[in-house]
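Here is the file start.csv (CSV, C-alpha atoms and all ligand atoms).
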```
chain,number,residue,atom,x,y,z
A,1,MET,CA,-21.5,16.3,18.7
A,2,ASN,CA,-22.7,19.5,17.2
A,3,ILE,CA,-20.9,20.0,13.9
A,4,GLN,CA,-21.5,23.4,12.2
A,5,LYS,CA,-18.1,24.5,10.9
A,6,VAL,CA,-16.2,22.2,8.6
A,7,CYS,CA,-12.7,22.4,7.1
A,8,VAL,CA,-11.9,20.6,3.8
A,9,VAL,CA,-8.2,20.5,3.0
A,10,GLY,CA,-7.3,20.0,-0.7
A,11,GLY,CA,-9.6,21.3,-3.5
A,12,GLY,CA,-8.8,18.9,-6.3
A,13,THR,CA,-11.1,16.2,-7.8
A,14,MET,CA,-12.3,15.0,-4.4
A,15,GLY,CA,-11.9,17.9,-2.0
A,16,ASN,CA,-13.8,20.0,-4.4
A,17,GLY,CA,-16.8,17.6,-4.4
A,18,ILE,CA,-16.6,17.1,-0.7
A,19,ALA,CA,-16.7,20.9,0.0
A,20,HIS,CA,-19.5,21.2,-2.5
A,21,VAL,CA,-21.6,18.7,-0.6
A,22,PHE,CA,-20.9,20.0,2.9
A,23,ALA,CA,-21.8,23.6,1.8
A,24,LEU,CA,-25.0,22.5,0.1
A,25,LYS,CA,-26.1,20.5,3.1
A,26,GLY,CA,-25.9,23.6,5.4
A,27,PHE,CA,-22.4,23.5,6.9
A,28,GLU,CA,-20.2,26.5,7.2
A,29,THR,CA,-17.4,25.2,5.0
A,30,THR,CA,-13.8,26.4,4.5
A,31,LEU,CA,-11.9,24.9,1.6
A,32,VAL,CA,-8.1,25.0,2.2
A,33,GLU,CA,-5.8,24.9,-0.8
A,34,ALA,CA,-2.0,25.1,-1.1
A,35,ASN,CA,-2.2,28.7,-2.4
A,36,ALA,CA,-4.7,31.5,-3.2
A,37,ASP,CA,-4.8,30.8,-6.9
A,38,LEU,CA,-5.6,27.1,-6.4
A,39,ALA,CA,-8.2,28.0,-3.8
A,40,ALA,CA,-9.9,30.4,-6.2
A,41,LYS,CA,-9.8,27.8,-8.9
A,42,ALA,CA,-11.4,25.2,-6.6
A,43,ALA,CA,-14.2,27.6,-5.6
A,44,ALA,CA,-14.9,28.5,-9.2
A,45,THR,CA,-15.2,24.8,-10.0
A,46,ILE,CA,-17.7,24.3,-7.2
A,47,SER,CA,-19.7,27.4,-8.4
A,48,LYS,CA,-19.8,25.9,-11.9
A,49,ASN,CA,-20.9,22.5,-10.7
A,50,LEU,CA,-23.6,24.0,-8.5
A,51,ASP,CA,-24.8,26.0,-11.6
A,52,ARG,CA,-25.0,22.7,-13.5
A,53,GLN,CA,-27.1,21.1,-10.7
A,54,ALA,CA,-29.4,24.2,-10.6
A,55,ALA,CA,-29.8,24.1,-14.4
A,56,LYS,CA,-30.8,20.4,-14.3
A,57,GLY,CA,-33.3,21.1,-11.5
A,58,THR,CA,-31.5,18.9,-9.0
A,59,ILE,CA,-31.2,21.9,-6.6
A,60,SER,CA,-33.0,25.2,-6.6
A,61,ALA,CA,-31.3,28.6,-7.4
A,62,ALA,CA,-31.8,29.6,-3.8
A,63,GLU,CA,-30.1,26.4,-2.5
A,64,LYS,CA,-27.2,27.2,-4.9
A,65,ASP,CA,-26.9,30.8,-3.6
A,66,ALA,CA,-27.1,29.6,0.0
A,67,ALA,CA,-24.3,27.0,-0.5
A,68,LEU,CA,-22.0,29.6,-2.1
A,69,LYS,CA,-22.6,32.0,0.8
A,70,ARG,CA,-21.5,29.2,3.2
A,71,LEU,CA,-18.3,28.4,1.3
A,72,LYS,CA,-15.1,30.2,2.1
A,73,THR,CA,-11.5,29.5,1.1
A,74,ALA,CA,-8.2,29.7,3.0
A,75,THR,CA,-4.6,28.7,2.5
A,76,SER,CA,-4.0,27.0,5.8
A,77,PRO,CA,-6.1,25.2,8.5
A,78,ALA,CA,-5.1,27.9,11.0
A,79,GLU,CA,-6.8,30.5,8.8
A,80,ALA,CA,-9.9,28.3,8.7
A,81,GLY,CA,-9.8,27.9,12.5
A,82,GLY,CA,-12.3,26.6,15.1
A,83,PHE,CA,-14.0,23.9,13.0
A,84,GLN,CA,-15.6,20.9,14.7
A,85,PHE,CA,-14.9,18.6,11.7
A,86,ALA,CA,-12.2,18.4,9.1
A,87,VAL,CA,-11.7,16.1,6.1
A,88,GLU,CA,-8.4,16.0,4.4
A,89,ALA,CA,-8.3,15.3,0.6
A,90,VAL,CA,-4.8,16.3,-0.4
A,91,SER,CA,-2.6,14.2,-2.8
A,92,GLU,CA,-2.0,10.6,-1.8
A,93,LYS,CA,1.3,11.1,0.1
A,94,LEU,CA,1.7,9.9,3.7
A,95,GLU,CA,4.1,12.5,5.0
A,96,LEU,CA,2.0,15.3,3.5
A,97,LYS,CA,-1.1,14.0,5.1
A,98,LYS,CA,0.6,13.7,8.5
A,99,THR,CA,1.8,17.3,8.3
A,100,ILE,CA,-1.8,18.4,7.4
A,101,PHE,CA,-3.2,16.4,10.3
A,102,ARG,CA,-0.8,18.1,12.8
A,103,ALA,CA,-1.9,21.5,11.4
A,104,LEU,CA,-5.6,20.5,11.7
A,105,ASP,CA,-5.0,19.3,15.2
A,106,ALA,CA,-3.6,22.7,16.2
A,107,ALA,CA,-6.3,24.7,14.5
A,108,ALA,CA,-9.5,22.7,15.3
A,109,ALA,CA,-12.0,23.2,18.0
A,110,PRO,CA,-11.5,21.0,21.1
A,111,ASP,CA,-12.8,17.5,20.5
A,112,ALA,CA,-13.1,18.1,16.7
A,113,ILE,CA,-13.1,15.0,14.5
A,114,LEU,CA,-10.4,14.7,11.9
A,115,ALA,CA,-11.1,12.6,8.8
A,116,THR,CA,-9.0,11.5,5.8
A,117,ASN,CA,-10.3,10.7,2.4
A,118,THR,CA,-7.3,8.5,1.6
A,119,SER,CA,-7.9,5.6,-0.8
A,120,SER,CA,-5.0,3.4,0.4
A,121,LEU,CA,-2.8,4.9,3.1
A,122,PRO,CA,-2.8,3.5,6.7
A,123,ILE,CA,-5.2,5.7,8.7
A,124,THR,CA,-3.8,4.2,11.9
A,125,GLU,CA,-0.4,5.7,11.1
A,126,ILE,CA,-2.0,9.1,10.1
A,127,ALA,CA,-3.9,9.0,13.4
A,128,ALA,CA,-0.7,8.5,15.4
A,129,ALA,CA,0.4,12.0,14.2
A,130,VAL,CA,-2.1,13.8,16.4
A,131,LYS,CA,-2.6,14.3,20.1
A,132,ASP,CA,-5.8,12.3,20.4
A,133,PRO,CA,-5.9,9.6,17.7
A,134,SER,CA,-9.3,8.3,18.9
A,135,ARG,CA,-10.8,11.3,17.0
A,136,VAL,CA,-9.3,10.3,13.7
A,137,ILE,CA,-11.2,8.2,11.1
A,138,GLY,CA,-11.3,7.5,7.3
A,139,MET,CA,-14.2,9.0,5.4
A,140,HIS,CA,-13.7,7.6,1.8
A,141,PHE,CA,-16.0,9.4,-0.6
A,142,MET,CA,-16.4,8.2,-4.1
A,143,ASN,CA,-15.9,10.2,-7.3
A,144,PRO,CA,-17.9,12.2,-8.3
A,145,VAL,CA,-18.8,13.1,-4.7
A,146,PRO,CA,-22.0,15.1,-5.3
A,147,VAL,CA,-23.4,12.1,-7.3
A,148,MET,CA,-22.1,8.9,-5.6
A,149,LYS,CA,-24.1,7.6,-2.7
A,150,LEU,CA,-21.5,5.6,-0.8
A,151,VAL,CA,-19.1,6.8,1.9
A,152,GLU,CA,-16.8,4.0,3.1
A,153,ILE,CA,-16.1,4.8,6.8
A,154,ILE,CA,-12.8,3.3,8.0
A,155,ARG,CA,-12.0,2.8,11.6
A,156,ALA,CA,-8.3,3.2,12.5
A,157,LEU,CA,-7.1,1.0,15.3
A,158,GLN,CA,-7.4,3.9,17.7
A,159,THR,CA,-10.8,5.3,16.4
A,160,SER,CA,-13.4,5.6,19.3
A,161,ASP,CA,-17.0,4.3,19.1
A,162,GLU,CA,-18.1,8.0,19.6
A,163,THR,CA,-16.1,9.2,16.6
A,164,TYR,CA,-17.4,6.4,14.5
A,165,ALA,CA,-21.1,7.1,15.5
A,166,ALA,CA,-20.7,10.8,14.8
A,167,VAL,CA,-19.2,10.2,11.3
A,168,ASP,CA,-21.8,7.6,10.5
A,169,ALA,CA,-24.5,10.1,11.4
A,170,LEU,CA,-22.7,12.9,9.5
A,171,ALA,CA,-22.6,10.8,6.3
A,172,LYS,CA,-26.4,10.3,6.5
A,173,THR,CA,-26.9,14.1,7.0
A,174,LEU,CA,-25.0,14.6,3.8
A,175,GLY,CA,-27.5,12.3,2.0
A,176,LYS,CA,-24.9,9.5,1.7
A,177,THR,CA,-25.1,5.8,2.6
A,178,PRO,CA,-22.3,4.9,4.9
A,179,ALA,CA,-20.7,1.4,5.0
A,180,CYS,CA,-18.0,0.5,7.6
A,181,ALA,CA,-14.6,-1.1,7.1
A,182,LYS,CA,-11.5,-1.6,9.3
A,183,ASP,CA,-8.2,-0.1,8.5
A,184,PHE,CA,-6.5,-2.9,6.5
A,185,PRO,CA,-4.8,-2.3,3.2
A,186,GLY,CA,-7.3,-1.3,0.5
A,187,PHE,CA,-10.2,-1.3,3.1
A,188,VAL,CA,-13.1,-3.1,1.3
A,189,SER,CA,-13.6,-1.0,-1.8
A,190,ASN,CA,-10.1,-1.1,-3.3
A,191,ARG,CA,-9.3,-4.6,-1.9
A,192,VAL,CA,-12.1,-6.0,-4.0
A,193,LEU,CA,-12.1,-3.6,-7.0
A,194,MET,CA,-8.3,-3.4,-7.8
A,195,PRO,CA,-7.7,-7.2,-8.0
A,196,MET,CA,-10.6,-7.4,-10.4
A,197,ILE,CA,-9.2,-4.7,-12.6
A,198,ASN,CA,-5.7,-6.3,-12.3
A,199,GLU,CA,-7.2,-9.7,-13.4
A,200,ALA,CA,-8.9,-8.0,-16.4
A,201,ILE,CA,-5.5,-6.7,-17.4
A,202,TYR,CA,-4.0,-10.2,-17.1
A,203,CYS,CA,-6.8,-11.4,-19.4
A,204,LEU,CA,-5.8,-8.8,-21.9
A,205,MET,CA,-2.1,-9.5,-21.6
A,206,GLU,CA,-2.5,-13.3,-22.0
A,207,GLY,CA,-4.8,-12.8,-25.0
A,208,VAL,CA,-7.8,-14.4,-23.3
A,209,SER,CA,-10.0,-11.8,-24.9
A,210,SER,CA,-10.0,-8.3,-26.5
A,211,ARG,CA,-10.3,-5.1,-24.4
A,212,GLU,CA,-13.8,-4.6,-25.8
A,213,ASP,CA,-15.0,-8.1,-25.0
A,214,ILE,CA,-13.5,-8.1,-21.5
A,215,ASP,CA,-15.4,-4.9,-20.8
A,216,GLN,CA,-18.5,-6.2,-22.5
A,217,ILE,CA,-18.5,-9.4,-20.4
A,218,MET,CA,-18.3,-7.5,-17.2
A,219,LYS,CA,-20.8,-4.8,-18.2
A,220,LEU,CA,-23.6,-7.0,-19.6
A,221,GLY,CA,-22.8,-10.2,-17.6
A,222,MET,CA,-22.3,-8.7,-14.2
A,223,ALA,CA,-24.4,-5.5,-14.6
A,224,HIS,CA,-21.3,-3.3,-14.0
A,225,PRO,CA,-22.0,0.2,-15.4
A,226,MET,CA,-18.4,0.3,-16.9
A,227,GLY,CA,-16.0,-2.4,-17.9
A,228,PRO,CA,-12.9,-2.9,-15.7
A,229,LEU,CA,-10.4,-1.7,-18.4
A,230,GLN,CA,-12.4,1.5,-19.1
A,231,LEU,CA,-12.8,2.0,-15.3
A,232,ALA,CA,-9.1,1.7,-14.9
A,233,ASP,CA,-8.6,4.4,-17.5
A,234,TYR,CA,-10.9,6.7,-15.6
A,235,ILE,CA,-9.2,6.0,-12.2
A,236,GLY,CA,-5.7,6.4,-13.7
A,237,LEU,CA,-3.4,3.5,-14.3
A,238,ASP,CA,-0.7,5.0,-12.1
A,239,VAL,CA,-3.3,5.1,-9.2
A,240,CYS,CA,-4.3,1.5,-9.9
A,241,LEU,CA,-0.6,0.4,-9.9
A,242,ALA,CA,0.0,2.3,-6.6
A,243,ILE,CA,-2.9,0.7,-4.9
A,244,MET,CA,-1.9,-2.8,-6.1
A,245,GLY,CA,1.5,-2.0,-4.6
A,246,VAL,CA,-0.1,-1.2,-1.3
A,247,LEU,CA,-2.1,-4.5,-1.3
A,248,HIS,CA,0.9,-6.5,-2.4
A,249,GLU,CA,3.2,-5.0,0.3
A,250,GLY,CA,0.5,-4.8,3.0
A,251,TYR,CA,-0.6,-8.5,2.8
A,252,ALA,CA,2.7,-9.9,1.4
A,253,ASP,CA,0.6,-12.2,-0.7
A,254,SER,CA,1.4,-12.9,-4.4
A,255,LYS,CA,-2.2,-12.9,-5.3
A,256,TYR,CA,-1.9,-9.1,-5.3
A,257,ARG,CA,1.1,-8.9,-7.7
A,258,PRO,CA,0.5,-6.1,-10.2
A,259,CYS,CA,0.1,-7.3,-13.8
A,260,PRO,CA,3.2,-6.7,-15.9
A,261,LEU,CA,1.1,-5.1,-18.6
A,262,LEU,CA,-0.2,-2.6,-16.0
A,263,LYS,CA,3.4,-1.7,-15.0
A,264,GLN,CA,4.3,-1.3,-18.7
A,265,MET,CA,1.4,1.0,-19.5
A,266,VAL,CA,2.5,3.3,-16.6
A,267,GLN,CA,6.1,3.1,-17.8
A,268,ALA,CA,4.9,4.2,-21.3
A,269,GLY,CA,3.0,7.1,-19.8
A,270,ARG,CA,-0.4,5.7,-20.9
A,271,LEU,CA,-2.2,6.6,-17.7
A,272,GLY,CA,-5.7,6.6,-19.0
A,273,VAL,CA,-8.2,9.5,-19.6
A,274,LYS,CA,-5.9,12.1,-17.9
A,275,SER,CA,-3.0,11.4,-20.4
A,276,GLY,CA,-5.1,11.0,-23.5
A,277,GLY,CA,-4.8,7.3,-23.6
A,278,GLY,CA,-4.7,4.1,-21.6
A,279,PHE,CA,-6.4,0.9,-22.7
A,280,TYR,CA,-8.5,3.2,-24.9
A,281,ASP,CA,-7.8,6.6,-26.5
A,282,TYR,CA,-9.4,9.8,-25.2
A,283,PRO,CA,-9.3,13.4,-26.4
A,284,ARG,CA,-6.5,15.3,-24.7
A,285,ARG,CA,-7.8,17.4,-21.7
A,301,LIG,P1,-6.0,15.8,-6.7
A,301,LIG,O1,-4.6,15.7,-7.2
A,301,LIG,O2,-7.1,16.1,-7.7
A,301,LIG,O3,-6.2,16.9,-5.6
A,301,LIG,C1,-5.3,17.1,-4.5
A,301,LIG,C2,-5.3,18.5,-4.1
A,301,LIG,O4,-4.5,18.7,-2.9
A,301,LIG,C3,-4.6,19.4,-5.2
A,301,LIG,O5,-5.6,20.4,-5.6
A,301,LIG,C4,-3.5,20.1,-4.4
A,301,LIG,O6,-3.2,21.4,-4.8
A,301,LIG,C5,-4.0,20.0,-3.0
A,301,LIG,N1,-2.9,20.1,-2.0
A,301,LIG,C6,-1.6,19.6,-2.0
A,301,LIG,N2,-0.9,20.0,-1.0
A,301,LIG,C7,-1.7,20.8,-0.2
A,301,LIG,C8,-1.6,21.5,1.0
A,301,LIG,N3,-0.4,21.5,1.7
A,301,LIG,N4,-2.6,22.2,1.5
A,301,LIG,C9,-3.8,22.2,0.8
A,301,LIG,N5,-4.0,21.5,-0.4
A,301,LIG,C10,-3.0,20.8,-0.9
A,301,LIG,O7,-6.3,14.5,-5.9
A,301,LIG,P2,-7.7,13.7,-5.7
A,301,LIG,O8,-8.0,12.8,-6.8
A,301,LIG,O9,-8.7,14.8,-5.3
A,301,LIG,O10,-7.3,12.9,-4.4
A,301,LIG,C11,-7.3,13.4,-3.1
A,301,LIG,C12,-7.4,12.3,-2.1
A,301,LIG,O11,-8.6,11.6,-2.3
A,301,LIG,C13,-6.3,11.3,-2.2
A,301,LIG,O12,-5.9,10.8,-0.9
A,301,LIG,C14,-6.9,10.1,-3.0
A,301,LIG,O13,-6.3,8.9,-2.7
A,301,LIG,C15,-8.3,10.2,-2.5
A,301,LIG,N6,-9.4,9.6,-3.3
A,301,LIG,C16,-9.4,9.9,-4.7
A,301,LIG,C17,-10.4,9.4,-5.5
A,301,LIG,C18,-10.5,9.7,-7.0
A,301,LIG,O14,-11.3,9.1,-7.7
A,301,LIG,N7,-9.7,10.7,-7.5
A,301,LIG,C19,-11.4,8.7,-4.9
A,301,LIG,C20,-11.4,8.4,-3.5
A,301,LIG,C21,-10.4,8.9,-2.8
```

For the file at hand, write its structure as structure tokens.
Ligand code: NAD
Amino acid sequence: MNIQKVCVVGGGTMGNGIAHVFALKGFETTLVEANADLAAKAAATISKNLDRQAAKGTISAAEKDAALKRLKTATSPAEAGGFQFAVEAVSEKLELKKTIFRALDAAAAPDAILATNTSSLPITEIAAAVKDPSRVIGMHFMNPVPVMKLVEIIRALQTSDETYAAVDALAKTLGKTPACAKDFPGFVSNRVLMPMINEAIYCLMEGVSSREDIDQIMKLGMAHPMGPLQLADYIGLDVCLAIMGVLHEGYADSKYRPCPLLKQMVQAGRLGVKSGGGFYDYPRR
């Protein structure tokens, strides 16, 4: 399939980075946000991040200018219109995502592929919202998108082999390394990562070790770039709790029960970096 025009819906942390990468890699990219102010803010962030890359010498000034020329903003998929590929990166709410997929379905070129960047929602259910679910797939980018190499590609029950092959090739065109998973709760990334974080929180709650030593053991002992408690603070403890909930409900297995200390931290509003404190303290944003 010949993909030239791309629509990215949602211009927050992830959508911003996704639109940045598509525009930089030569795709005509329209970033759709909920209103014009948010769209302008998202475009300004992309411009600032491209400037930073150009200053570092990762990209040339000409590449930056060309990427900005290829980037447009809109406030609905209909306004973007006629795209051959779309990726949705709006807030993690199932009904919102289904609504966006119906709008994408109506606005896309015939046979367009529609992808979601969801971390934890059932892609099979999102796919069921459109006319041809065989063209729906998960394309799970990692944060920060311009830097992280992995794209976890998730096949819904209905995803066709053609759709999968096209998205696998697309990820490579973006300079990413794709890895495939099926649409089961947490896919692979969060099914492995979140129980590890949850277990680290149990170690802290039970007094097995201090927060610093838990993180040190996993950093130096397992060559992880960041300890699990610090990583949880960066992801957001509310997000970690929500994903543990998805695993717990999805598999109905007590091994995924969220640690009571994780619940308590969220109840206390200690959500991590974004709230100024989680397991560690951070300057207020
Ligand atoms: P975010 O809150 O930073 O951004 C969501 C954006 O969606 C907001 O800017 C919001 O204005 C926009 N939005 C809401 N309704 C909209 C609508 N109707 N039309 C257009 N835009 C709309 O969230 P995020 O962290 O970027 O996460 C987005 C998705 O990516 C979620 O599904 C999340 O699970 C997934 N994800 C997040 C991360 C991460 O590290 N943050 C990593 C991988 C995947």

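Across the model, the gap from atom C7 of ligand LIG 301 (chain A) to CA of Glu63 in chain A is 29.0 Å.
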
Nearest to Gly175 in chain A, chosen from A:Arg70, A:Lys149, A:His20, A:Lys98, with only C-alpha atoms counted in the distances: A:Lys149

May I have the residues within 9 Å of ligand LIG 301 (chain A), computed using only C-alpha atoms and all ligand atoms, as an MDAnalysis selection string? chainID A and resid 8:17 31:35 38:39 42 74:77 88:94 96:97 99:100 116:121 140:145 234:236 239

Tell me which of A:Ser60, A:Asn2, A:Thr163, A:Gln158 sits closest to Lys131 in chain A, counting all atoms listed in the file. A:Gln158

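Counting from CA of Asn198 in chain A, the distance to CA of Lys219 in chain A is 16.3 Å.
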
So which residues are close to (-24.0, 21.9, -7.5), meaning at most 10 Å away in the file's coordinates with only C-alpha atoms counted, and can you show them as a ChimeraX atom specification? /A:17,20-21,23-24,45-56,58-61,63-64,67-68,146-147

List as a PDB file with C-alpha atoms, in the coordinates of the input the protein and nucleic acid residues near Cys7 in chain A, meaning an atom at most 7 Å away when all atoms listed in the file are counted, but skip any in the same chain fewer than 5 places from it.
```pdb
ATOM      1  CA  THR A  29     -17.400  25.200   5.000  1.00  0.00           C
ATOM      2  CA  THR A  30     -13.800  26.400   4.500  1.00  0.00           C
ATOM      3  CA  LEU A  31     -11.900  24.900   1.600  1.00  0.00           C
ATOM      4  CA  ALA A  80      -9.900  28.300   8.700  1.00  0.00           C
ATOM      5  CA  PHE A  83     -14.000  23.900  13.000  1.00  0.00           C
ATOM      6  CA  PHE A  85     -14.900  18.600  11.700  1.00  0.00           C
ATOM      7  CA  ALA A  86     -12.200  18.400   9.100  1.00  0.00           C
ATOM      8  CA  VAL A  87     -11.700  16.100   6.100  1.00  0.00           C
TER       9      VAL A  87
END
```

Can you pull out every residue within 10 Å of Pro258 in chain A, counting only C-alpha atoms, but drop anything in the same chain fewer than 2 positions away, and send it as number ranges by chain? A: 194-195, 198-199, 201-202, 240-245, 247-248, 254-256, 260-263

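Nearest to Pro122 in chain A of all the residues A:Glu95, A:Asp238, A:Asp213, A:Glu162 is A:Glu95, based on only C-alpha atoms.
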
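Across the structure, CA of Gly138 in chain A and CA of Ile154 in chain A are spaced 4.5 Å apart.
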
Please identify every residue of range 161-225 of chain A that has at least one atom no farther than 12 Å from an atom of range 270-279 of chain A, counting only C-alpha atoms, and for each give the shortest atom pair and the distance in Å to one decimal, arranged by chain then increasing number, as a Markdown table.
```
| residue | atom | partner | partner_atom | distance |
| --- | --- | --- | --- | --- |
| A:Ile197 | CA | A:Phe279 | CA | 11.9 |
| A:Ala200 | CA | A:Phe279 | CA | 11.2 |
| A:Ile201 | CA | A:Phe279 | CA | 9.3 |
| A:Leu204 | CA | A:Phe279 | CA | 9.8 |
| A:Met205 | CA | A:Phe279 | CA | 11.3 |
| A:Ser210 | CA | A:Phe279 | CA | 10.6 |
| A:Arg211 | CA | A:Phe279 | CA | 7.4 |
| A:Glu212 | CA | A:Phe279 | CA | 9.7 |
| A:Ile214 | CA | A:Phe279 | CA | 11.5 |
| A:Asp215 | CA | A:Phe279 | CA | 10.9 |
```

Residues from last step as file, C-alpha atoms, as a PDB file, keeping the file's coordinate frame:
```
ATOM      1  CA  ILE A 197      -9.200  -4.700 -12.600  1.00  0.00           C
ATOM      2  CA  ALA A 200      -8.900  -8.000 -16.400  1.00  0.00           C
ATOM      3  CA  ILE A 201      -5.500  -6.700 -17.400  1.00  0.00           C
ATOM      4  CA  LEU A 204      -5.800  -8.800 -21.900  1.00  0.00           C
ATOM      5  CA  MET A 205      -2.100  -9.500 -21.600  1.00  0.00           C
ATOM      6  CA  SER A 210     -10.000  -8.300 -26.500  1.00  0.00           C
ATOM      7  CA  ARG A 211     -10.300  -5.100 -24.400  1.00  0.00           C
ATOM      8  CA  GLU A 212     -13.800  -4.600 -25.800  1.00  0.00           C
ATOM      9  CA  ILE A 214     -13.500  -8.100 -21.500  1.00  0.00           C
ATOM     10  CA  ASP A 215     -15.400  -4.900 -20.800  1.00  0.00           C
TER      11      ASP A 215
END
```

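Using all atoms listed in the file for every distance, the candidate list A:Ala44, A:Gln84, A:Ala106, A:Glu28 yields A:Glu28 as the residue closest to Lys69 in chain A.
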
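Checking A:Cys259, A:Ala223, A:Thr73, A:Ala43 one by one against Val6 in chain A, counting only C-alpha atoms, you find the shortest gap at A:Thr73.
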
Spatial neighbours of Ile123 in chain A, max dist 6 Å, all atoms listed in the file, sep filter under 3 positions, as a VMD selection string: chain A and resid 126 to 127 156

Would you save the residues of that selection, restricted to C-alpha atoms, as a PDB file, keeping the file's coordinate frame?
```pdb
ATOM      1  CA  ILE A 126      -2.000   9.100  10.100  1.00  0.00           C
ATOM      2  CA  ALA A 127      -3.900   9.000  13.400  1.00  0.00           C
ATOM      3  CA  ALA A 156      -8.300   3.200  12.500  1.00  0.00           C
TER       4      ALA A 156
END
```

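Nearest-residue note for Leu150 in chain A: choosing from A:Ile3, A:Ala66, A:Ala107, A:Leu174, the minimum distance belongs to A:Leu174, counting only C-alpha atoms.
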